>>> print(open('coords08.cif').read())   # mmCIF, C-alpha atoms
data_target
loop_
_atom_site.label_atom_id
_atom_site.label_comp_id
_atom_site.auth_asym_id
_atom_site.auth_seq_id
_atom_site.Cartn_x
_atom_site.Cartn_y
_atom_site.Cartn_z
CA MET A 1 74.80 122.77 92.70
CA GLY A 2 77.15 119.80 93.01
CA ALA A 3 78.81 118.20 90.01
CA LEU A 4 76.84 114.96 90.53
CA GLN A 5 73.42 116.61 90.89
CA GLY A 6 70.84 114.21 89.46
CA LEU A 7 72.87 111.05 90.13
CA LYS A 8 70.79 108.63 92.21
CA VAL A 9 72.66 106.13 94.37
CA ILE A 10 71.16 103.26 96.36
CA ASP A 11 73.60 102.34 99.11
CA ALA A 12 73.34 98.97 100.89
CA SER A 13 76.89 99.09 102.28
CA GLN A 14 77.99 99.52 105.87
CA ILE A 15 80.94 100.13 108.23
CA MET A 16 83.58 102.13 106.26
CA ALA A 17 84.63 101.43 102.64
CA GLY A 18 81.17 101.61 101.05
CA PRO A 19 79.84 104.39 103.29
CA TYR A 20 82.95 106.49 102.63
CA CYS A 21 82.42 106.04 98.89
CA THR A 22 78.77 107.11 99.01
CA MET A 23 79.46 109.97 101.42
CA VAL A 24 81.88 111.49 98.91
CA LEU A 25 79.37 111.00 96.08
CA GLY A 26 76.81 112.74 98.29
CA ASP A 27 79.20 115.62 99.01
CA LEU A 28 79.52 116.03 95.24
CA GLY A 29 75.77 116.38 94.82
CA ALA A 30 74.45 112.85 94.29
CA GLU A 31 71.23 111.71 95.98
CA ILE A 32 72.10 108.88 98.38
CA ILE A 33 69.44 106.52 99.70
CA LYS A 34 70.97 104.36 102.42
CA ILE A 35 69.30 101.01 103.02
CA GLU A 36 69.76 99.74 106.57
CA LYS A 37 68.61 96.73 108.58
CA PRO A 38 65.52 97.66 110.62
CA ASN A 39 67.07 96.05 113.66
CA GLY A 40 70.18 98.09 114.44
CA GLY A 41 70.97 99.47 111.00
CA ASP A 42 74.53 99.93 109.75
CA ASP A 43 76.83 98.06 112.15
CA SER A 44 78.87 101.23 112.69
CA ARG A 45 75.88 102.59 114.63
CA GLN A 46 77.04 100.23 117.40
CA MET A 47 80.54 101.73 117.48
CA GLY A 48 81.37 104.38 120.04
CA PRO A 49 82.01 106.97 121.20
CA TYR A 50 78.38 108.02 121.57
CA ILE A 51 76.61 111.32 122.17
CA ASN A 52 73.01 110.98 123.32
CA ASP A 53 73.09 107.29 122.25
CA GLU A 54 74.10 108.19 118.69
CA SER A 55 77.34 106.82 117.26
CA THR A 56 79.80 109.52 116.32
CA CYS A 57 81.61 106.96 114.11
CA PHE A 58 78.46 106.62 112.02
CA PHE A 59 77.99 110.39 112.11
CA GLN A 60 81.42 111.10 110.61
CA ILE A 61 80.98 108.96 107.50
CA ASN A 62 77.27 109.07 106.62
CA ARG A 63 76.36 112.69 105.99
CA ASN A 64 74.32 113.72 102.95
CA LYS A 65 72.32 110.47 102.99
CA LYS A 66 68.71 109.51 103.55
CA SER A 67 68.05 106.38 105.60
CA ILE A 68 65.37 103.80 104.92
CA ALA A 69 65.19 100.88 107.36
CA LEU A 70 64.22 98.02 105.05
CA ASN A 71 64.23 94.25 105.54
CA LEU A 72 65.60 92.78 102.31
CA LYS A 73 64.91 89.24 103.50
CA GLU A 74 61.16 89.86 103.25
CA THR A 75 59.41 89.60 99.89
CA LYS A 76 57.71 92.97 100.37
CA GLY A 77 61.04 94.47 101.33
CA LYS A 78 62.58 93.25 98.08
CA GLU A 79 59.65 94.63 96.10
CA ILE A 80 60.27 98.06 97.60
CA PHE A 81 63.96 97.73 96.85
CA TYR A 82 63.25 96.81 93.21
CA LYS A 83 61.09 99.92 92.83
CA LEU A 84 63.92 102.08 94.16
CA ILE A 85 66.34 100.46 91.72
CA GLN A 86 64.15 101.18 88.67
CA ASP A 87 65.36 104.76 88.25
CA ALA A 88 68.67 104.54 90.12
CA ASP A 89 72.02 105.14 88.46
CA VAL A 90 74.24 103.37 90.97
CA PHE A 91 73.93 100.57 93.53
CA VAL A 92 76.70 100.02 96.11
CA GLU A 93 76.96 96.91 98.29
CA ASN A 94 79.63 95.27 100.42
CA TYR A 95 78.12 91.91 101.28
CA ARG A 96 80.34 88.85 101.25
CA PRO A 97 80.29 87.39 97.69
CA GLY A 98 77.29 85.13 97.18
CA VAL A 99 75.01 86.81 99.73
CA VAL A 100 73.43 89.21 97.23
CA LYS A 101 72.43 86.30 95.00
CA SER A 102 70.71 84.56 97.90
CA LEU A 103 68.84 87.80 98.61
CA GLY A 104 67.88 88.23 94.95
CA ILE A 105 69.67 91.56 94.64
CA ASP A 106 72.68 90.44 92.59
CA TYR A 107 73.79 92.25 89.43
CA GLU A 108 72.05 89.88 87.00
CA SER A 109 68.75 90.29 88.87
CA LEU A 110 68.97 94.09 89.02
CA LYS A 111 70.14 94.34 85.41
CA LYS A 112 66.79 92.90 84.34
CA ILE A 113 65.00 95.68 86.21
CA ASN A 114 67.38 98.47 85.21
CA PRO A 115 69.79 97.63 82.34
CA GLY A 116 71.69 100.88 82.91
CA ILE A 117 72.45 100.25 86.58
CA ILE A 118 76.07 100.66 87.70
CA TYR A 119 76.40 97.93 90.30
CA CYS A 120 79.44 98.35 92.58
CA SER A 121 80.48 95.46 94.80
CA ILE A 122 83.10 96.16 97.47
CA SER A 123 84.47 93.03 99.12
CA GLY A 124 87.61 91.83 100.83
CA TYR A 125 89.13 89.96 97.90
CA GLY A 126 86.82 90.50 94.94
CA GLN A 127 84.04 88.41 93.40
CA THR A 128 86.40 85.76 91.97
CA GLY A 129 89.59 83.98 92.99
CA PRO A 130 90.50 81.53 95.76
CA TYR A 131 90.05 84.11 98.55
CA SER A 132 86.72 85.52 97.32
CA HIS A 133 84.73 83.69 100.01
CA LYS A 134 86.63 85.38 102.83
CA GLY A 135 85.43 88.43 104.70
CA GLY A 136 87.30 91.68 104.21
CA PHE A 137 89.15 93.38 107.08
CA ASP A 138 91.56 96.28 106.80
CA LEU A 139 94.15 94.82 109.16
CA VAL A 140 94.19 91.47 107.37
CA ALA A 141 94.64 93.25 104.04
CA GLN A 142 97.56 95.24 105.45
CA GLY A 143 99.25 92.00 106.41
CA LEU A 144 98.48 90.15 103.17
CA THR A 145 99.70 92.83 100.78
CA GLY A 146 103.01 93.49 102.49
CA ILE A 147 102.55 96.95 103.95
CA MET A 148 103.04 95.72 107.52
CA SER A 149 106.41 94.25 106.56
CA MET A 150 107.52 97.77 105.63
CA THR A 151 105.94 99.70 108.50
CA GLY A 152 107.78 100.02 111.81
CA GLU A 153 111.41 99.52 112.71
CA PRO A 154 113.77 96.89 111.25
CA GLY A 155 113.77 93.61 113.14
CA LYS A 156 110.88 94.57 115.41
CA ARG A 157 107.20 93.63 115.56
CA PRO A 158 105.27 94.45 112.34
CA LEU A 159 103.15 97.57 112.73
CA LYS A 160 99.86 98.48 111.10
CA SER A 161 99.15 101.88 109.64
CA GLY A 162 97.68 104.37 112.10
CA ILE A 163 94.46 104.61 110.07
CA ALA A 164 92.32 102.14 108.09
CA VAL A 165 94.17 102.76 104.83
CA TYR A 166 92.66 99.81 102.95
CA ASP A 167 89.07 100.54 103.97
CA ILE A 168 89.39 104.14 102.81
CA GLY A 169 91.48 103.03 99.83
CA ALA A 170 88.71 100.66 98.71
CA GLY A 171 86.21 103.50 99.09
CA LEU A 172 88.37 105.78 96.95
CA THR A 173 88.82 103.06 94.35
CA ALA A 174 85.06 102.54 94.25
CA ILE A 175 84.49 106.28 93.75
CA TYR A 176 86.67 106.68 90.67
CA SER A 177 85.49 103.33 89.29
CA ILE A 178 81.83 104.30 89.65
CA LEU A 179 82.46 107.68 88.03
CA ALA A 180 84.33 106.03 85.12
CA ALA A 181 81.41 103.63 84.65
CA TYR A 182 79.00 106.57 84.82
CA VAL A 183 80.88 108.40 82.06
CA HIS A 184 80.60 105.24 79.98
CA LYS A 185 76.89 105.08 80.73
CA LEU A 186 76.40 108.69 79.67
CA LYS A 187 78.03 107.85 76.34
CA THR A 188 76.37 104.50 75.68
CA GLY A 189 73.47 104.04 78.10
CA GLU A 190 75.13 100.83 79.24
CA GLY A 191 75.51 99.90 82.89
CA GLN A 192 77.98 97.38 84.27
CA HIS A 193 79.22 95.50 87.32
CA VAL A 194 82.16 97.14 89.11
CA ASP A 195 84.13 94.68 91.27
CA VAL A 196 86.31 96.40 93.91
CA SER A 197 88.58 94.42 96.23
CA LEU A 198 89.75 95.82 99.57
CA ALA A 199 93.08 94.00 99.34
CA GLU A 200 93.73 94.90 95.70
CA SER A 201 92.94 98.58 96.16
CA GLY A 202 96.22 99.16 97.99
CA LEU A 203 98.57 97.18 95.74
CA PRO A 204 98.94 99.94 93.08
CA TRP A 205 100.31 102.25 95.78
CA PHE A 206 103.52 100.17 95.98
CA THR A 207 105.14 102.04 93.10
CA TRP A 208 108.80 102.39 94.19
CA GLU A 209 108.65 99.00 95.88
CA ALA A 210 107.37 97.36 92.70
CA ALA A 211 110.10 99.10 90.69
CA ALA A 212 112.82 97.64 92.89
CA TYR A 213 111.34 94.17 93.19
CA PHE A 214 110.47 93.64 89.53
CA ALA A 215 113.83 95.10 88.46
CA ASN A 216 116.23 93.17 90.67
CA GLY A 217 114.23 91.17 93.20
CA THR A 218 114.75 93.60 96.10
CA ILE A 219 112.17 92.92 98.81
CA PRO A 220 111.32 96.13 100.72
CA GLU A 221 111.79 96.01 104.46
CA ALA A 222 110.80 98.19 107.40
CA THR A 223 112.64 101.51 107.38
CA GLY A 224 111.09 103.10 110.47
CA TRP A 225 111.20 106.88 110.32
CA ARG A 226 113.49 106.93 107.28
CA HIS A 227 112.79 106.86 103.55
CA ARG A 228 113.78 103.70 101.72
CA VAL A 229 115.58 105.56 98.88
CA SER A 230 116.39 109.17 99.80
CA ALA A 231 118.45 110.63 102.66
CA PRO A 232 118.00 112.70 104.65
CA TYR A 233 114.27 112.31 104.07
CA GLN A 234 112.85 111.44 107.45
CA ALA A 235 111.94 112.43 110.98
CA MET A 236 114.74 114.28 112.76
CA LYS A 237 115.00 115.20 116.42
CA ALA A 238 115.41 118.86 117.35
CA LYS A 239 115.79 120.36 120.83
CA ASP A 240 112.08 120.03 121.74
CA GLY A 241 110.77 117.26 119.49
CA TYR A 242 110.77 115.78 116.03
CA ILE A 243 110.32 117.42 112.64
CA MET A 244 110.21 116.12 109.08
CA ILE A 245 113.03 117.08 106.72
CA GLY A 246 113.02 116.06 103.07
CA CYS A 247 116.10 116.35 100.86
CA ALA A 248 114.79 114.38 97.91
CA ASN A 249 117.36 115.66 95.40
CA GLN A 250 120.91 116.96 95.29
CA ARG A 251 119.95 120.62 94.99
CA THR A 252 117.83 120.46 98.14
CA TRP A 253 120.61 118.66 100.00
CA GLU A 254 123.07 121.38 99.08
CA ARG A 255 120.65 124.09 100.22
CA PHE A 256 120.21 122.25 103.50
CA CYS A 257 123.97 122.11 104.01
CA ASN A 258 124.70 125.68 102.88
CA GLU A 259 121.74 127.58 104.34
CA VAL A 260 120.20 125.54 107.16
CA ILE A 261 122.84 123.63 109.12
CA LEU A 262 125.83 125.58 107.74
CA ARG A 263 127.94 122.55 106.84
CA SER A 264 129.03 123.26 103.26
CA ASN A 265 131.94 120.84 103.62
CA TRP A 266 129.49 117.92 103.75
CA ILE A 267 128.61 118.45 100.09
CA GLN A 268 132.03 117.15 99.00
CA ASP A 269 132.30 114.62 101.84
CA PRO A 270 132.75 111.16 100.20
CA ARG A 271 130.21 109.71 102.64
CA PHE A 272 127.47 112.15 101.58
CA GLU A 273 128.29 113.41 98.08
CA THR A 274 125.43 111.52 96.37
CA ASN A 275 122.00 110.40 97.48
CA THR A 276 123.12 106.78 97.21
CA LYS A 277 126.09 107.46 99.47
CA ARG A 278 123.94 109.37 101.95
CA HIS A 279 121.46 106.51 102.07
CA GLU A 280 124.26 103.97 102.61
CA ASN A 281 125.60 106.08 105.50
CA VAL A 282 122.25 107.25 106.87
CA GLU A 283 122.97 106.16 110.47
CA GLU A 284 126.07 108.33 110.62
CA LEU A 285 124.43 111.19 108.72
CA GLU A 286 121.40 111.20 110.99
CA ALA A 287 123.52 111.36 114.14
CA LEU A 288 125.55 114.28 112.79
CA ILE A 289 122.45 116.26 111.72
CA GLU A 290 120.64 115.66 115.01
CA GLU A 291 123.67 116.83 116.95
CA ILE A 292 123.25 120.18 115.21
CA LEU A 293 119.45 120.25 115.42
CA SER A 294 119.57 119.62 119.18
CA ASN A 295 120.76 123.18 119.71
CA GLU A 296 117.52 124.87 118.60
CA SER A 297 113.75 124.34 118.68
CA SER A 298 111.65 122.56 116.06
CA GLN A 299 110.08 125.84 114.97
CA TYR A 300 113.49 127.45 114.51
CA TRP A 301 114.63 124.72 112.11
CA ILE A 302 111.33 124.63 110.23
CA GLU A 303 111.62 128.36 109.62
CA LYS A 304 115.24 127.98 108.48
CA CYS A 305 114.23 125.22 106.07
CA GLU A 306 111.37 127.36 104.77
CA GLN A 307 113.75 130.23 104.03
CA ALA A 308 116.12 127.87 102.22
CA GLY A 309 113.40 126.10 100.23
CA VAL A 310 114.00 122.77 101.97
CA PRO A 311 110.80 120.74 102.53
CA SER A 312 110.09 120.42 106.24
CA GLY A 313 107.26 120.44 108.72
CA PRO A 314 106.06 119.51 112.18
CA ILE A 315 104.94 116.07 113.29
CA ASN A 316 101.48 116.91 114.60
CA ASN A 317 99.08 114.87 116.63
CA PHE A 318 95.51 114.78 115.31
CA ALA A 319 94.34 117.67 117.48
CA GLU A 320 97.16 119.84 116.16
CA ALA A 321 96.44 118.78 112.58
CA VAL A 322 92.75 119.72 112.63
CA THR A 323 93.45 123.09 114.25
CA ASP A 324 96.25 123.98 111.85
CA PRO A 325 95.48 127.46 110.47
CA HIS A 326 96.10 126.33 106.89
CA PHE A 327 93.49 123.56 107.00
CA LEU A 328 91.04 125.84 108.80
CA ASP A 329 91.52 128.55 106.19
CA ARG A 330 90.83 125.98 103.47
CA GLY A 331 87.57 124.92 105.14
CA MET A 332 88.70 121.38 105.90
CA VAL A 333 86.88 121.33 109.26
CA GLN A 334 83.21 122.20 109.30
CA GLU A 335 80.51 122.09 111.94
CA VAL A 336 77.26 120.22 111.37
CA GLU A 337 74.16 120.16 113.55
CA HIS A 338 72.52 116.80 114.22
CA SER A 339 69.06 116.39 115.75
CA LYS A 340 70.36 114.22 118.63
CA ILE A 341 74.13 114.76 118.76
CA GLY A 342 73.88 118.53 118.46
CA LYS A 343 76.69 120.53 116.87
CA MET A 344 79.75 118.50 115.92
CA LYS A 345 82.70 119.01 113.62
CA VAL A 346 83.51 116.86 110.60
CA ILE A 347 86.33 116.61 108.07
CA ALA A 348 85.12 118.29 104.88
CA SER A 349 85.81 117.51 101.23
CA PRO A 350 89.45 118.06 100.18
CA THR A 351 88.54 119.11 96.62
CA LYS A 352 87.79 122.74 95.79
CA PHE A 353 85.64 123.17 92.66
CA SER A 354 85.40 126.56 90.96
CA SER A 355 81.88 125.97 89.59
CA THR A 356 80.36 122.98 91.40
CA PRO A 357 81.50 123.08 95.03
CA SER A 358 80.95 120.13 97.31
CA GLU A 359 78.44 120.71 100.08
CA ILE A 360 77.39 119.22 103.39
CA LYS A 361 73.65 119.53 102.97
CA TYR A 362 72.57 117.58 106.04
CA PRO A 363 74.07 115.41 108.78
CA SER A 364 74.04 111.64 109.07
CA PRO A 365 70.48 110.29 109.32
CA LEU A 366 68.80 108.61 112.23
CA LEU A 367 67.97 104.97 111.53
CA GLY A 368 64.87 105.00 109.33
CA GLU A 369 64.64 108.79 109.43
CA HIS A 370 63.55 108.97 105.78
CA THR A 371 61.65 105.68 105.50
CA LYS A 372 58.26 107.36 105.17
CA GLU A 373 59.54 109.99 102.71
CA ILE A 374 61.18 107.37 100.51
CA LEU A 375 58.14 105.06 100.54
CA GLU A 376 55.91 107.98 99.59
CA SER A 377 58.25 108.72 96.69
CA ILE A 378 57.37 105.31 95.19
CA GLN A 379 53.66 106.04 95.61
CA LEU A 380 52.86 104.12 98.81
CA ASN A 381 50.07 105.63 100.90
CA GLN A 382 49.74 106.05 104.67
CA THR A 383 47.81 102.82 105.17
CA GLU A 384 50.32 100.77 103.17
CA ILE A 385 53.23 102.26 105.08
CA GLU A 386 51.61 101.56 108.45
CA SER A 387 51.02 97.95 107.36
CA LEU A 388 54.68 97.54 106.37
CA VAL A 389 55.77 98.88 109.77
CA LYS A 390 53.49 96.40 111.59
CA GLU A 391 54.81 93.54 109.46
CA LYS A 392 58.38 94.65 110.31
CA VAL A 393 59.26 95.04 106.64
CA VAL A 394 60.34 98.61 107.40
CA SER A 395 60.89 100.72 110.47
CA ILE A 396 60.63 104.44 111.04
CA SER A 397 62.80 106.40 113.45
CA SER A 398 61.09 106.92 116.80
CA GLU A 399 61.94 110.60 116.42
CA PHE A 400 59.56 110.85 113.47
CA HIS A 401 55.86 110.06 113.58
CA MET A 402 53.67 108.68 110.83
CA ASN A 403 51.56 111.81 110.62
#
>>> encode(input="coords08.cif", output="structure tokens")
Amino acid sequence: MGALQGLKVIDASQIMAGPYCTMVLGDLGAEIIKIEKPNGGDDSRQMGPYINDESTCFFQINRNKKSIALNLKETKGKEIFYKLIQDADVFVENYRPGVVKSLGIDYESLKKINPGIIYCSISGYGQTGPYSHKGGFDLVAQGLTGIMSMTGEPGKRPLKSGIAVYDIGAGLTAIYSILAAYVHKLKTGEGQHVDVSLAESGLPWFTWEAAAYFANGTIPEATGWRHRVSAPYQAMKAKDGYIMIGCANQRTWERFCNEVILRSNWIQDPRFETNTKRHENVEELEALIEEILSNESSQYWIEKCEQAGVPSGPINNFAEAVTDPHFLDRGMVQEVEHSKIGKMKVIASPTKFSSTPSEIKYPSPLLGEHTKEILESIQLNQTEIESLVKEKVVSISSEFHMN
């Protein structure tokens, strides 16, 4: 049984940040009811690649959820939604600020129905402030908050992160914020509105950069493959490719010199005797180290570093990462069977619980796959459900019949 067994979440979010948040809550045992537009559903359903007309993007981030295709613009659709909210613990939405009020599903409206509801809004810039009206996009957030000024090589075109760090970051922020609000609710019975901003979610990650800027006004710049403080702490080229080597302190540097590259004289070299000096002379240091590394393979140097206790590792592509024996042994890749896609692998939960393990109970739902089941749970009968389908208030997956 998952740690969040008994937690009921109504999820009206789509694309990535909100769905990632609710997927993790579902992995931890919460019941997730995903509300989707009857016409098309979550927009990520239109993102390829596809298998048998089903989006694998949607598949990867929407497991452990039940889908109801519900038109919230219709009065009857809202009435159904209000019934679902009555006994829910959490509601998650990522509409642009102001839209939920026009739909009648804003926090103040839902608070009247369920005073204990934890209402989580995920938006680009938060519910207040001069940018609150703007839509939220990961790439724009990367530019706004400064990360793209630090990513890439000095003097060259700014580069984005290889993954949607702010979308996932907002999802992670929403998770711990919801759980903190839930702990408060368990103590007091009181719900609250949780306001999560895509752009703000990444700012707390700039720890060393903030230390330098607020101390002496240093503005961080792009450092490419190197670390902005430590050296050598970077990608290094060996005979057959690049590896990561991390000498984050003096002891590790000395081990690297004495036991890996066999250059003990570098320890007293005025250019390299302290981390500050090494960082100031990193161009020269890098060239000297790579001259030595070029004589042997990446695996040879990784093994030498391992023996010496010097942090190191390969620079894998994604295929190499997800077939790494360590991750496979830890169960980080699991196979799930979907009614249309068939068997497909997913990235599993990274947390290992001793008593309440996370679980992939079922794959991502078809659009409206659980509409009938969910409507029956709020005491609607067959005739009422058929009427709602005809009126286009709800839709039911074509894979599932009314009977």
>>> resolve_selection(input="coords08.cif", expression="the PyMOL selection byres ((chain A and resi 350) around 9)", output="list in words")
Arg330, Gly331, Met332, Ile347, Ala348, Ser349, Thr351 and Lys352 of chain A
>>> closest_residue(input="coords08.cif", among="A:Lys83, A:Lys134, A:Arg63, A:Lys37", to="A:Ile374", atoms="all atoms listed in the file")
A:Lys83
>>> closest_atom_pairs(input="coords08.cif", of="stretch 56-164 of chain A", to="stretch 186-198 of chain A", cutoff="8 Å", atoms="all atoms listed in the file", output="tab-separated table")
residue	atom	partner	partner_atom	distance
A:Tyr107	CA	A:His193	CA	6.7
A:Pro115	CA	A:Gly191	CA	6.2
A:Gly116	CA	A:Gly191	CA	3.9
A:Ile117	CA	A:Gly191	CA	4.8
A:Ile118	CA	A:Gly191	CA	4.9
A:Tyr119	CA	A:His193	CA	4.8
A:Cys120	CA	A:Val194	CA	4.6
A:Ser121	CA	A:Asp195	CA	5.1
A:Ile122	CA	A:Val196	CA	4.8
A:Ser123	CA	A:Ser197	CA	5.2
A:Gly124	CA	A:Leu198	CA	4.7
A:Tyr125	CA	A:Ser197	CA	4.8
A:Gly126	CA	A:Ser197	CA	4.5
A:Gln127	CA	A:Asp195	CA	6.6
A:Gly136	CA	A:Leu198	CA	6.7
A:Phe137	CA	A:Leu198	CA	7.9
A:Asp138	CA	A:Leu198	CA	7.5
A:Ala141	CA	A:Leu198	CA	7.1
>>> closest_residue(input="coords08.cif", among="A:Ile163, A:Val322, A:Ile360, A:Ile105", to="A:Asn62", atoms="only C-alpha atoms")
A:Ile360
>>> atom_distance(input="coords08.cif", atom1="atom CA of A:Glu108", atom2="atom CA of A:Val9")
17.9 Å
>>> closest_residue(input="coords08.cif", among="A:Ala164, A:Met236, A:Leu159, A:Ala215", to="A:Gly146", atoms="all atoms listed in the file")
A:Leu159
>>> closest_residue(input="coords08.cif", among="A:Ile302, A:Ala69, A:Leu203, A:Ala222", to="A:Tyr242", atoms="only C-alpha atoms")
A:Ile302
>>> residues_around(input="coords08.cif", residues="A:Met148", least_positions_apart="4", cutoff="9 Å", atoms="only C-alpha atoms", output="list in words")
Gln142, Gly143, Leu144, Gly152, Pro158, Leu159, Lys160, Ser161 and Ala222 of chain A
>>> write_last_selection(input="coords08.cif", atoms="C-alpha atoms", output="short mmCIF file (atom, residue, chain, number, x, y, z; two decimals), keeping the file's coordinate frame")
data_model
loop_
_atom_site.label_atom_id
_atom_site.label_comp_id
_atom_site.auth_asym_id
_atom_site.auth_seq_id
_atom_site.Cartn_x
_atom_site.Cartn_y
_atom_site.Cartn_z
CA GLN A 142 97.56 95.24 105.45
CA GLY A 143 99.25 92.00 106.41
CA LEU A 144 98.48 90.15 103.17
CA GLY A 152 107.78 100.02 111.81
CA PRO A 158 105.27 94.45 112.34
CA LEU A 159 103.15 97.57 112.73
CA LYS A 160 99.86 98.48 111.10
CA SER A 161 99.15 101.88 109.64
CA ALA A 222 110.80 98.19 107.40
#
>>> residues_around(input="coords08.cif", residues="A:Val393", least_positions_apart="2", cutoff="7 Å", atoms="only C-alpha atoms", output="list in words")
Leu70, Asn71, Glu74, Lys76, Gly77, Leu388, Val389 and Glu391 of chain A
>>> atom_distance(input="coords08.cif", atom1="atom CA of A:Ala319", atom2="atom CA of A:Gly48")
18.7 Å
>>> residues_around(input="coords08.cif", residues="A:Thr276", least_positions_apart="2", cutoff="12 Å", atoms="all atoms listed in the file", output="list in words")
Arg228, Val229, Ser230, Ala231, Pro232, Ala248, Asn249, Gln250, Pro270, Arg271, Phe272, Glu273, Thr274, Arg278, His279, Glu280, Asn281 and Val282 of chain A
>>> write_last_selection(input="coords08.cif", atoms="C-alpha atoms", output="short mmCIF file (atom, residue, chain, number, x, y, z; two decimals), keeping the file's coordinate frame")
data_model
loop_
_atom_site.label_atom_id
_atom_site.label_comp_id
_atom_site.auth_asym_id
_atom_site.auth_seq_id
_atom_site.Cartn_x
_atom_site.Cartn_y
_atom_site.Cartn_z
CA ARG A 228 113.78 103.70 101.72
CA VAL A 229 115.58 105.56 98.88
CA SER A 230 116.39 109.17 99.80
CA ALA A 231 118.45 110.63 102.66
CA PRO A 232 118.00 112.70 104.65
CA ALA A 248 114.79 114.38 97.91
CA ASN A 249 117.36 115.66 95.40
CA GLN A 250 120.91 116.96 95.29
CA PRO A 270 132.75 111.16 100.20
CA ARG A 271 130.21 109.71 102.64
CA PHE A 272 127.47 112.15 101.58
CA GLU A 273 128.29 113.41 98.08
CA THR A 274 125.43 111.52 96.37
CA ARG A 278 123.94 109.37 101.95
CA HIS A 279 121.46 106.51 102.07
CA GLU A 280 124.26 103.97 102.61
CA ASN A 281 125.60 106.08 105.50
CA VAL A 282 122.25 107.25 106.87
#
